[in-house]
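What follows is the content of run09.cif (mmCIF, C-alpha atoms).
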```cif
data_upload
loop_
_atom_site.label_atom_id
_atom_site.label_comp_id
_atom_site.auth_asym_id
_atom_site.auth_seq_id
_atom_site.Cartn_x
_atom_site.Cartn_y
_atom_site.Cartn_z
CA MET A 1 -6.77 16.66 18.77
CA ASN A 2 -7.76 13.14 19.76
CA VAL A 3 -5.74 9.93 19.50
CA PHE A 4 -7.35 7.40 21.82
CA SER A 5 -10.88 8.28 20.69
CA ASP A 6 -10.09 8.33 16.97
CA THR A 7 -11.90 5.55 15.11
CA ALA A 8 -8.57 4.34 13.67
CA PHE A 9 -6.94 3.86 17.08
CA ASP A 10 -6.36 0.12 17.59
CA GLY A 11 -4.27 -0.33 20.69
CA HIS A 12 -1.27 1.41 19.13
CA GLU A 13 1.85 0.98 21.20
CA GLN A 14 3.23 4.47 20.61
CA VAL A 15 2.28 7.72 18.87
CA VAL A 16 4.96 10.42 18.64
CA PHE A 17 4.48 14.04 17.59
CA ALA A 18 7.60 15.63 16.15
CA SER A 19 8.27 19.26 15.31
CA ASP A 20 11.22 21.37 14.27
CA PRO A 21 10.80 25.17 14.26
CA ASP A 22 13.82 25.77 12.01
CA THR A 23 12.44 23.67 9.15
CA GLY A 24 8.73 23.94 9.86
CA LEU A 25 8.44 20.18 10.36
CA LYS A 26 5.16 18.93 11.76
CA ALA A 27 5.12 15.13 11.75
CA ILE A 28 3.52 12.16 13.49
CA ILE A 29 5.04 8.69 13.93
CA ALA A 30 2.73 5.83 14.88
CA VAL A 31 3.95 2.42 16.04
CA HIS A 32 1.03 0.01 15.94
CA ASN A 33 2.48 -3.38 16.91
CA THR A 34 5.96 -4.86 17.34
CA ASN A 35 5.11 -8.46 18.29
CA LEU A 36 6.96 -9.85 15.25
CA GLY A 37 9.75 -7.27 15.11
CA PRO A 38 10.45 -3.55 14.73
CA SER A 39 7.73 -1.61 12.99
CA LEU A 40 8.32 -0.63 9.38
CA GLY A 41 6.30 1.73 7.23
CA GLY A 42 6.62 4.62 4.85
CA CYS A 43 6.74 8.35 5.50
CA ARG A 44 3.86 10.12 3.77
CA MET A 45 3.94 13.86 3.04
CA TRP A 46 0.51 15.33 2.42
CA PRO A 47 -1.24 18.71 2.88
CA TYR A 48 -3.75 17.41 5.40
CA ALA A 49 -6.76 19.66 5.95
CA SER A 50 -6.38 19.34 9.73
CA GLU A 51 -4.14 17.81 12.35
CA GLN A 52 -6.91 15.35 13.24
CA GLU A 53 -6.99 14.15 9.65
CA ALA A 54 -3.24 13.50 9.82
CA ILE A 55 -3.64 11.61 13.10
CA HIS A 56 -6.40 9.46 11.63
CA ASP A 57 -4.32 8.69 8.55
CA VAL A 58 -1.17 7.69 10.43
CA LEU A 59 -3.17 5.49 12.80
CA ARG A 60 -4.96 3.56 10.06
CA LEU A 61 -1.87 3.28 7.86
CA SER A 62 0.35 1.98 10.68
CA ARG A 63 -2.24 -0.65 11.60
CA GLY A 64 -2.35 -1.72 7.98
CA MET A 65 1.42 -2.22 7.99
CA THR A 66 1.19 -4.66 10.90
CA TYR A 67 -1.28 -6.78 8.95
CA LYS A 68 0.69 -6.42 5.71
CA SER A 69 3.98 -7.59 7.20
CA ALA A 70 2.31 -10.48 9.02
CA LEU A 71 0.66 -11.77 5.85
CA ALA A 72 3.91 -11.29 3.94
CA ASN A 73 5.63 -13.55 6.49
CA LEU A 74 8.16 -10.90 7.50
CA PRO A 75 9.69 -10.48 10.98
CA LEU A 76 8.37 -6.95 11.19
CA GLY A 77 5.66 -4.98 12.92
CA GLY A 78 3.64 -2.08 11.63
CA GLY A 79 4.38 1.62 11.77
CA LYS A 80 3.94 4.75 9.69
CA SER A 81 4.83 8.42 9.70
CA VAL A 82 3.19 11.44 8.13
CA ILE A 83 4.45 14.95 7.46
CA ILE A 84 1.86 17.71 7.32
CA GLY A 85 2.87 19.69 4.24
CA ASP A 86 2.72 19.98 0.46
CA PRO A 87 5.41 17.81 -1.16
CA ARG A 88 5.31 19.99 -4.28
CA SER A 89 6.30 23.19 -2.51
CA GLN A 90 7.49 22.54 1.05
CA LYS A 91 10.21 19.92 0.69
CA THR A 92 13.74 20.77 1.75
CA PRO A 93 16.75 18.60 2.58
CA GLU A 94 16.77 20.16 6.06
CA LEU A 95 13.15 19.10 6.61
CA PHE A 96 13.97 15.45 5.96
CA ARG A 97 17.07 15.58 8.10
CA ALA A 98 14.76 16.74 10.89
CA VAL A 99 12.55 13.73 10.14
CA GLY A 100 15.63 11.53 10.50
CA ARG A 101 16.36 12.97 13.92
CA ALA A 102 12.76 12.30 14.96
CA VAL A 103 12.99 8.70 13.79
CA GLU A 104 16.28 8.26 15.64
CA ARG A 105 14.64 9.37 18.89
CA VAL A 106 12.15 6.49 18.61
CA GLY A 107 15.13 4.21 19.27
CA GLY A 108 14.83 1.61 16.52
CA ARG A 109 11.22 0.66 17.16
CA TYR A 110 10.28 2.30 13.83
CA ILE A 111 12.01 1.91 10.45
CA VAL A 112 11.05 4.57 7.91
CA ALA A 113 10.79 4.20 4.12
CA GLU A 114 9.28 6.19 1.27
CA ASP A 115 5.58 6.62 0.65
CA VAL A 116 3.19 9.02 -1.08
CA GLY A 117 4.91 12.39 -1.41
CA THR A 118 8.40 11.16 -0.52
CA SER A 119 11.22 9.66 -2.58
CA PRO A 120 14.48 7.71 -2.36
CA ALA A 121 16.31 11.06 -2.36
CA ASP A 122 14.35 12.09 0.71
CA MET A 123 15.30 8.82 2.39
CA GLU A 124 18.97 9.64 1.75
CA GLN A 125 18.55 12.82 3.77
CA ILE A 126 16.83 10.90 6.58
CA ALA A 127 19.65 8.34 6.50
CA SER A 128 22.16 11.06 7.30
CA GLN A 129 20.57 11.24 10.77
CA THR A 130 19.51 7.65 11.51
CA LYS A 131 20.23 4.08 10.47
CA HIS A 132 16.58 3.16 10.92
CA VAL A 133 15.62 3.77 7.29
CA GLY A 134 14.87 1.57 4.28
CA GLY A 135 14.67 2.17 0.56
CA ILE A 136 18.30 3.28 0.31
CA ASN A 137 20.38 2.31 -2.71
CA ASP A 138 23.82 1.25 -1.49
CA GLY A 139 25.11 0.79 -5.05
CA LYS A 140 26.04 -2.86 -4.50
CA ASP A 141 23.26 -4.34 -6.64
CA PRO A 142 22.46 -2.69 -10.01
CA ALA A 143 18.99 -4.29 -9.92
CA ARG A 144 18.19 -2.09 -6.93
CA THR A 145 17.59 1.63 -7.33
CA GLY A 146 16.26 2.32 -3.85
CA ASP A 147 12.75 2.59 -5.32
CA PRO A 148 10.44 -0.17 -4.03
CA SER A 149 7.60 0.65 -6.44
CA PRO A 150 8.49 -1.96 -9.11
CA PHE A 151 8.42 -4.64 -6.40
CA THR A 152 5.09 -3.36 -5.08
CA ALA A 153 3.69 -3.49 -8.61
CA TYR A 154 5.00 -7.03 -9.10
CA GLY A 155 3.15 -8.24 -6.01
CA VAL A 156 -0.05 -6.53 -7.15
CA PHE A 157 0.34 -8.08 -10.60
CA ILE A 158 0.67 -11.65 -9.34
CA GLY A 159 -2.10 -11.10 -6.80
CA LEU A 160 -4.35 -9.78 -9.56
CA LYS A 161 -3.57 -12.83 -11.69
CA GLU A 162 -4.49 -15.13 -8.81
CA ALA A 163 -7.82 -13.30 -8.47
CA VAL A 164 -8.44 -13.85 -12.18
CA ARG A 165 -7.57 -17.53 -11.78
CA PHE A 166 -10.00 -17.90 -8.88
CA LYS A 167 -12.79 -16.08 -10.74
CA ASN A 168 -12.25 -17.43 -14.25
CA GLY A 169 -10.48 -20.75 -13.74
CA HIS A 170 -7.30 -19.49 -15.45
CA ASP A 171 -4.93 -16.54 -15.08
CA ASP A 172 -4.69 -15.47 -18.73
CA LEU A 173 -5.03 -11.68 -18.89
CA ALA A 174 -5.06 -11.42 -22.70
CA GLY A 175 -7.99 -9.31 -23.81
CA LEU A 176 -9.21 -8.50 -20.30
CA ARG A 177 -10.11 -4.87 -19.67
CA VAL A 178 -8.35 -3.42 -16.63
CA ALA A 179 -9.20 0.01 -15.24
CA VAL A 180 -6.19 1.49 -13.47
CA GLN A 181 -6.92 4.44 -11.20
CA GLY A 182 -3.69 6.32 -10.51
CA LEU A 183 -0.49 6.35 -12.57
CA GLY A 184 2.18 7.10 -10.02
CA ASN A 185 5.27 4.92 -9.80
CA VAL A 186 3.39 1.76 -8.79
CA GLY A 187 0.46 2.34 -11.14
CA TYR A 188 2.79 2.90 -14.08
CA HIS A 189 4.82 -0.26 -13.42
CA LEU A 190 1.60 -2.24 -13.01
CA CYS A 191 0.35 -0.93 -16.36
CA ARG A 192 3.57 -2.04 -18.01
CA MET A 193 3.16 -5.58 -16.66
CA LEU A 194 -0.52 -5.74 -17.57
CA HIS A 195 0.20 -4.49 -21.08
CA SER A 196 2.92 -7.10 -21.55
CA ALA A 197 0.41 -9.76 -20.48
CA GLY A 198 -2.05 -8.64 -23.17
CA ALA A 199 -4.56 -6.73 -21.03
CA ARG A 200 -6.48 -3.77 -22.46
CA LEU A 201 -5.93 -0.74 -20.25
CA VAL A 202 -8.21 2.10 -19.27
CA VAL A 203 -6.44 4.71 -17.16
CA SER A 204 -7.00 7.88 -15.19
CA ASP A 205 -4.83 10.25 -13.19
CA LEU A 206 -4.88 13.88 -12.10
CA ASN A 207 -1.55 14.32 -13.90
CA ALA A 208 -2.24 14.70 -17.63
CA ASN A 209 1.38 13.89 -18.51
CA SER A 210 1.11 10.52 -16.76
CA VAL A 211 -2.08 9.74 -18.66
CA ASN A 212 -0.54 10.72 -22.00
CA ARG A 213 2.48 8.52 -21.27
CA ALA A 214 0.26 5.49 -20.63
CA VAL A 215 -1.74 6.17 -23.80
CA GLU A 216 1.43 6.41 -25.89
CA GLU A 217 3.37 3.52 -24.36
CA PHE A 218 0.59 1.03 -23.65
CA GLY A 219 -2.20 2.00 -26.02
CA ALA A 220 -4.37 2.78 -22.99
CA THR A 221 -7.74 4.48 -23.18
CA ALA A 222 -7.95 7.61 -21.05
CA VAL A 223 -11.03 8.51 -19.02
CA SER A 224 -11.70 11.14 -16.39
CA THR A 225 -11.01 10.63 -12.70
CA ASP A 226 -14.76 10.74 -12.12
CA GLU A 227 -15.38 7.85 -14.54
CA ILE A 228 -12.59 5.38 -13.84
CA LEU A 229 -14.19 3.54 -10.92
CA PHE A 230 -17.42 2.90 -12.77
CA ILE A 231 -16.48 1.90 -16.32
CA ASP A 232 -17.34 -1.52 -17.71
CA ALA A 233 -14.16 -3.49 -17.01
CA ASP A 234 -13.15 -6.99 -15.96
CA ILE A 235 -10.83 -5.68 -13.25
CA LEU A 236 -10.60 -2.43 -11.30
CA ALA A 237 -7.12 -1.63 -9.99
CA PRO A 238 -7.19 1.32 -7.54
CA CYS A 239 -3.63 2.66 -7.35
CA ALA A 240 -4.19 6.13 -5.87
CA LEU A 241 -5.38 7.08 -2.39
CA GLY A 242 -7.65 4.90 -0.26
CA GLY A 243 -11.33 4.85 0.62
CA VAL A 244 -12.60 4.55 -2.96
CA VAL A 245 -14.83 1.56 -2.14
CA ASN A 246 -17.59 3.08 -0.05
CA ASP A 247 -21.33 3.53 0.32
CA ARG A 248 -21.37 5.97 -2.58
CA SER A 249 -19.40 3.87 -5.05
CA ILE A 250 -20.18 0.18 -4.54
CA ASP A 251 -23.52 0.14 -6.34
CA LYS A 252 -21.93 1.78 -9.39
CA ILE A 253 -18.82 -0.43 -9.68
CA ARG A 254 -19.16 -2.68 -12.74
CA ALA A 255 -15.88 -4.59 -12.52
CA ARG A 256 -16.09 -8.14 -11.19
CA ILE A 257 -12.63 -8.09 -9.60
CA ILE A 258 -10.95 -5.37 -7.53
CA ALA A 259 -7.20 -5.77 -7.23
CA GLY A 260 -4.97 -2.73 -6.90
CA ALA A 261 -2.06 -1.13 -5.08
CA ALA A 262 -3.76 1.62 -3.05
CA ASN A 263 -3.78 1.20 0.71
CA ASN A 264 -7.10 1.01 2.57
CA GLN A 265 -9.29 0.79 -0.52
CA LEU A 266 -12.31 -0.06 1.63
CA GLU A 267 -13.59 2.98 3.49
CA ALA A 268 -14.89 0.64 6.22
CA ASP A 269 -14.59 -3.08 6.91
CA ARG A 270 -18.28 -3.63 6.15
CA HIS A 271 -17.67 -2.69 2.53
CA GLY A 272 -15.84 -5.98 2.07
CA GLU A 273 -19.05 -7.84 2.88
CA MET A 274 -20.99 -5.55 0.54
CA LEU A 275 -18.58 -6.46 -2.27
CA ARG A 276 -19.05 -10.17 -1.54
CA GLU A 277 -22.81 -9.80 -1.67
CA ALA A 278 -22.48 -7.95 -4.99
CA GLY A 279 -20.43 -10.81 -6.43
CA ILE A 280 -17.27 -8.72 -6.72
CA LEU A 281 -14.04 -10.53 -5.80
CA TYR A 282 -11.78 -8.26 -3.75
CA ALA A 283 -8.08 -9.02 -3.37
CA PRO A 284 -7.25 -7.35 -0.02
CA ASP A 285 -4.91 -4.48 -0.80
CA TYR A 286 -2.50 -5.02 2.07
CA VAL A 287 -1.97 -8.62 0.95
CA ILE A 288 -1.12 -7.97 -2.69
CA ASN A 289 0.70 -4.64 -2.31
CA ALA A 290 3.28 -6.04 0.14
CA GLY A 291 6.06 -6.32 -2.45
CA GLY A 292 7.50 -2.96 -1.48
CA VAL A 293 7.89 -3.80 2.19
CA VAL A 294 9.43 -7.15 1.23
CA GLU A 295 11.97 -5.31 -0.93
CA VAL A 296 12.81 -2.82 1.85
CA TYR A 297 13.37 -5.68 4.28
CA TYR A 298 15.55 -7.73 1.90
CA CYS A 299 17.54 -4.66 0.87
CA ARG A 300 18.28 -3.83 4.52
CA GLU A 301 19.36 -7.44 5.05
CA GLY A 302 21.71 -7.25 2.05
CA ARG A 303 20.05 -10.17 0.29
CA PRO A 304 19.82 -10.45 -3.52
CA VAL A 305 16.92 -9.39 -5.72
CA ASN A 306 16.14 -12.95 -6.82
CA GLU A 307 15.38 -13.84 -3.18
CA THR A 308 13.18 -10.75 -2.91
CA ASN A 309 11.16 -11.74 -5.97
CA LYS A 310 10.82 -15.33 -4.77
CA HIS A 311 9.41 -14.10 -1.46
CA ILE A 312 7.00 -11.75 -3.26
CA GLU A 313 5.78 -14.65 -5.37
CA GLY A 314 4.60 -16.25 -2.12
CA ILE A 315 1.75 -13.71 -2.24
CA THR A 316 0.04 -16.08 -4.67
CA ALA A 317 -0.37 -18.82 -2.05
CA THR A 318 -1.60 -16.37 0.59
CA VAL A 319 -4.19 -14.87 -1.76
CA ARG A 320 -5.37 -18.34 -2.76
CA GLU A 321 -5.72 -19.38 0.88
CA ILE A 322 -7.78 -16.27 1.63
CA PHE A 323 -10.09 -16.73 -1.36
CA GLU A 324 -10.66 -20.42 -0.69
CA ARG A 325 -11.32 -19.91 3.02
CA ALA A 326 -13.66 -16.98 2.32
CA ASP A 327 -15.57 -19.00 -0.24
CA ARG A 328 -15.78 -22.05 2.01
CA GLU A 329 -16.98 -20.09 5.05
CA ASN A 330 -19.18 -17.55 3.24
CA LEU A 331 -17.09 -14.64 4.49
CA SER A 332 -15.58 -11.60 2.84
CA ALA A 333 -11.96 -11.85 1.70
CA GLY A 334 -11.08 -8.83 3.82
CA PHE A 335 -12.48 -10.42 6.98
CA VAL A 336 -10.55 -13.64 6.35
CA ALA A 337 -7.34 -11.73 5.61
CA ASP A 338 -7.66 -9.80 8.88
CA ARG A 339 -8.17 -12.98 10.91
CA LEU A 340 -5.24 -14.72 9.22
CA ALA A 341 -2.97 -11.75 9.92
CA GLU A 342 -4.05 -11.59 13.55
CA GLU A 343 -3.29 -15.29 13.97
CA ARG A 344 0.22 -14.60 12.69
CA PHE A 345 1.12 -11.53 14.73
CA GLY A 346 -0.72 -12.68 17.86
CA LYS A 347 -3.22 -9.91 18.38
CA ARG A 348 -4.30 -9.70 22.00
#
```
Would you write the structure of this file as structure tokens?
Amino acid sequence: MNVFSDTAFDGHEQVVFASDPDTGLKAIIAVHNTNLGPSLGGCRMWPYASEQEAIHDVLRLSRGMTYKSALANLPLGGGKSVIIGDPRSQKTPELFRAVGRAVERVGGRYIVAEDVGTSPADMEQIASQTKHVGGINDGKDPARTGDPSPFTAYGVFIGLKEAVRFKNGHDDLAGLRVAVQGLGNVGYHLCRMLHSAGARLVVSDLNANSVNRAVEEFGATAVSTDEILFIDADILAPCALGGVVNDRSIDKIRARIIAGAANNQLEADRHGEMLREAGILYAPDYVINAGGVVEVYYCREGRPVNETNKHIEGITATVREIFERADRENLSAGFVADRLAEERFGKR
């Protein structure tokens, strides 16, 4: 196993390996940067093919959280945790209590929340062992369920509309064809918003029930997971796992805008420049999918939902600044977003 030589290592402040023989827990916590405040990021449970793959994932995801929180103007740093395991068959309450004990040992430098493969119920188990957890429903506000996915989807939706405004001169989505890859919690909520705005949806997911639900509720057209990235659409919204924009896919992407919820959609930074050269406008994922982390922060602070939504709506101005600066300086949107984030969190 390598940490320092992994391509995703970026001066991370702390990487912690946690295990618990009684529950079978094998987890990694990565704290990337705490210049602006304690690191916050979700706990992902995934059946990684190797321990090195898990290390690489937690390193790149934690770095992304630093940039996300900085561009969302939150007093937070970036962190992430991963559990090596299959969330469909290996979850137990005891396992997540062991995660809570591991988080507690980090001493408040990392705040955990839900992510791919984990849920608000899992966070409740973690919270029995540590106070350093977000995404918990305290029952005080009926507008909050402990699930940040509707807030993530809201940020993606308004970021997507700003991309349409920049590309088309207006943000009217009526009649536009949007290809949504991935119909998990965030993807589903995004589809609902897009449908309400008059967009025509094309969807794909490995879960046939999720696809059928979108077809029935939103009149979506279903295509295979192999087709979704390359159909003729106005907008491509990746809402599954990352790395879908790569050397193998860029030449075949027909959408003119990419704006989705998935983290790390670009397999490498250079793919942002390749998109620019191809005339495809890319809304950096960690800018527009920050609604969830905003919600976790405001929920922990005990502040109302209307303040959360108002903060999320600030994504519009950030996206506009990135697009305008990228256009003015002939740079990719991803490059400009990175530089803007680094200015905010003071990268050394």
* Quick one: which residues end up in the PyMOL selection byres ((chain A and resi 230) around 6) for this structure, as a PyMOL selection string? -> chain A and resi 227-229+231+252-254
* **Expected selection from the PyMOL selection byres ((chain A and resi 266) around 8), given as an MDAnalysis selection string** => chainID A and resid 242:246 264:265 267:269 271:272
* Asked: Interatomic distance between atom CA of A:Tyr154 and atom CA of A:Asp234?
  -> 19.4 Å
* Asked: If you count all atoms listed in the file, which residues fall within 9 Å of stretch 281-293 of chain A, apart from same-chain ones fewer than 5 positions away, as an NGL selection string?
  -> :A and (40-42 or 64-65 or 67-69 or 71-72 or 74 or 113 or 147-160 or 162-163 or 166-167 or 256-266 or 272 or 275-276 or 298 or 308-309 or 311-313 or 315-316 or 318-319 or 322-323 or 332-334 or 337)
* Two-atom distance - atom CA of A:Ala255, atom CA of A:Ser210 (Å) -> 23.1 Å
* **Top pick for closest residue to A:Val112, considering A:His56, A:His12, A:Arg300, A:Lys91 and counting all atoms listed in the file** => A:Arg300
* **Picked residues, the PyMOL selection byres ((chain A and resi 348) around 12), as a VMD selection string** => chain A and resid 10 to 12 33 35 342 to 347
* To do: State, in Å with one decimal place, the distance from atom CA of A:Val103 to atom CA of A:Ala18.
  => 9.1 Å
* Asked: What lies within 10 Å of A:Glu51 using only C-alpha atoms, ignoring chain neighbours under 2 positions off, as a PyMOL selection string?
  -> chain A and resi 1-2+26-28+47-49+53-57+84
Could the residues of stretch 202-241 of chain A that have an atom at most 6 Å from stretch 175-189 of chain A be listed as CSV, each with its closest atom pair and the distance in Å to one decimal, counting only C-alpha atoms and ordered by chain and ascending residue number?
```
residue,atom,partner,partner_atom,distance
A:Val202,CA,A:Ala179,CA,4.6
A:Val203,CA,A:Val180,CA,4.9
A:Ser204,CA,A:Gln181,CA,5.3
A:Asp205,CA,A:Gly182,CA,4.9
A:Ala233,CA,A:Arg177,CA,5.0
A:Asp234,CA,A:Arg177,CA,5.2
A:Ile235,CA,A:Val178,CA,4.8
A:Leu236,CA,A:Ala179,CA,4.8
A:Ala237,CA,A:Val180,CA,4.8
A:Pro238,CA,A:Gln181,CA,4.8
A:Cys239,CA,A:Gly182,CA,4.8
A:Ala240,CA,A:Gly182,CA,4.7
```
